[in-house]
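Trainee: The structure follows.
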Amino acid sequence: MIRVEVVLAWPDRAESRTLQLAEGATVADAIAAAAINGHEGCPAVAVHGMLAKAGQVLHDGDRVELLRPLQVDPKDNRRRRARAR
């Protein structure tokens with residue numbers, strides 16, 4: 001068995017589930033087992049901050065992060081802050 005954490009964060013809160021999964025479990029297995037409300041709207045997933053595919057095999061201690069869509073383009077946001085100075 002391996003222990004993994006699945007996390008989904010919003011601006012005002014975060015939801016996290018720690019799971020025990022069988023050896024060879026994938027990112028998709030962890031997401032399904034965590035059953036976190038709102039995960040359907042997440043276009044991407046990361047493991048320890050690195051983009052991951054659904055079929056990636058997990059290891060003991062991995063942290064699966066469900067990534068929400070960006071609300072603002074980071075480049076536009078930087079330009080707006082630079083103009084405000």
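By order in the structure tokens, chains are A, B, ...; within a chain, residues start at 1; ligands start at 1, following the order shown.
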Among chain A, which ones does DSSP place in alpha helix (DSSP H), written as a list in words?
Mentor: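 Answer for chain A restricted to alpha helix (DSSP H) is Val27, Ala28, Asp29, Ala30, Ile31, Ala32, Ala33, Ala34, Pro74, Lys75, Asp76, Asn77, Arg78, Arg79, Arg80, Arg81, Ala82, Arg83 and Ala84 of chain A.
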Trainee: Mind checking which residues fall within 8 Å of Thr26 (chain A), counting only C-alpha atoms, ignoring those fewer than 5 positions away in the same chain, and posting them as a PyMOL selection string?
Mentor: chain A and resi 54-58
Trainee: For the residues in the current selection, export N, CA and C atoms as a PDB file, in the first residue's frame.
Mentor:
```
ATOM      1  N   ALA A  54      -3.086  11.410 -16.348  1.00  0.00           N
ATOM      2  CA  ALA A  54      -3.963  10.553 -15.550  1.00  0.00           C
ATOM      3  C   ALA A  54      -3.377   9.160 -15.329  1.00  0.00           C
ATOM      4  N   GLY A  55      -2.616   8.650 -16.275  1.00  0.00           N
ATOM      5  CA  GLY A  55      -2.068   7.310 -16.171  1.00  0.00           C
ATOM      6  C   GLY A  55      -0.747   7.207 -15.433  1.00  0.00           C
ATOM      7  N   GLN A  56      -0.232   8.331 -14.934  1.00  0.00           N
ATOM      8  CA  GLN A  56       1.049   8.308 -14.224  1.00  0.00           C
ATOM      9  C   GLN A  56       0.916   7.489 -12.945  1.00  0.00           C
ATOM     10  N   VAL A  57       1.855   6.582 -12.726  1.00  0.00           N
ATOM     11  CA  VAL A  57       1.867   5.757 -11.523  1.00  0.00           C
ATOM     12  C   VAL A  57       2.377   6.581 -10.345  1.00  0.00           C
ATOM     13  N   LEU A  58       1.699   6.454  -9.217  1.00  0.00           N
ATOM     14  CA  LEU A  58       2.062   7.202  -8.013  1.00  0.00           C
ATOM     15  C   LEU A  58       2.991   6.399  -7.117  1.00  0.00           C
TER      16      LEU A  58
END
```
Trainee: Quick one: residues within 8 Å of Pro43 (chain A), only C-alpha atoms, excluding same-chain residues fewer than 5 positions away - as a PyMOL selection string?
Mentor: chain A and resi 67-69
Trainee: With N, CA, C and O atoms kept, could you save the residues just selected as a tab-separated table (two decimals), in the first residue's frame?
Mentor:
```
chain	number	residue	atom	x	y	z
A	67	LEU	N	-5.55	21.20	-10.42
A	67	LEU	CA	-5.29	22.59	-10.81
A	67	LEU	C	-6.54	23.21	-11.45
A	67	LEU	O	-7.04	22.72	-12.46
A	68	ARG	N	-7.01	24.28	-10.85
A	68	ARG	CA	-8.17	24.99	-11.37
A	68	ARG	C	-7.77	25.85	-12.57
A	68	ARG	O	-6.60	26.22	-12.70
A	69	PRO	N	-8.73	26.23	-13.42
A	69	PRO	CA	-8.41	27.12	-14.54
A	69	PRO	C	-7.96	28.49	-14.03
A	69	PRO	O	-8.40	28.94	-12.97
```
Trainee: Do you have the CA of Ala25 (chain A)-CA of Asn37 (chain A) distance handy?
Mentor: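 Rounded to one decimal, the two atoms are 20.8 Å apart.
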Trainee: With only C-alpha atoms as the atoms that count, which of A:Asp29, A:Glu5, A:Glu15, A:Asp76 lies nearest to Asp62 (chain A)?
Mentor: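 Nearest to Asp62 (chain A): A:Glu5.
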Trainee: Which is closer to Glu65 (chain A) than all the others in A:Arg80, A:Gln20, A:Val45, A:Leu51, using only C-alpha atoms?
Mentor: A:Val45
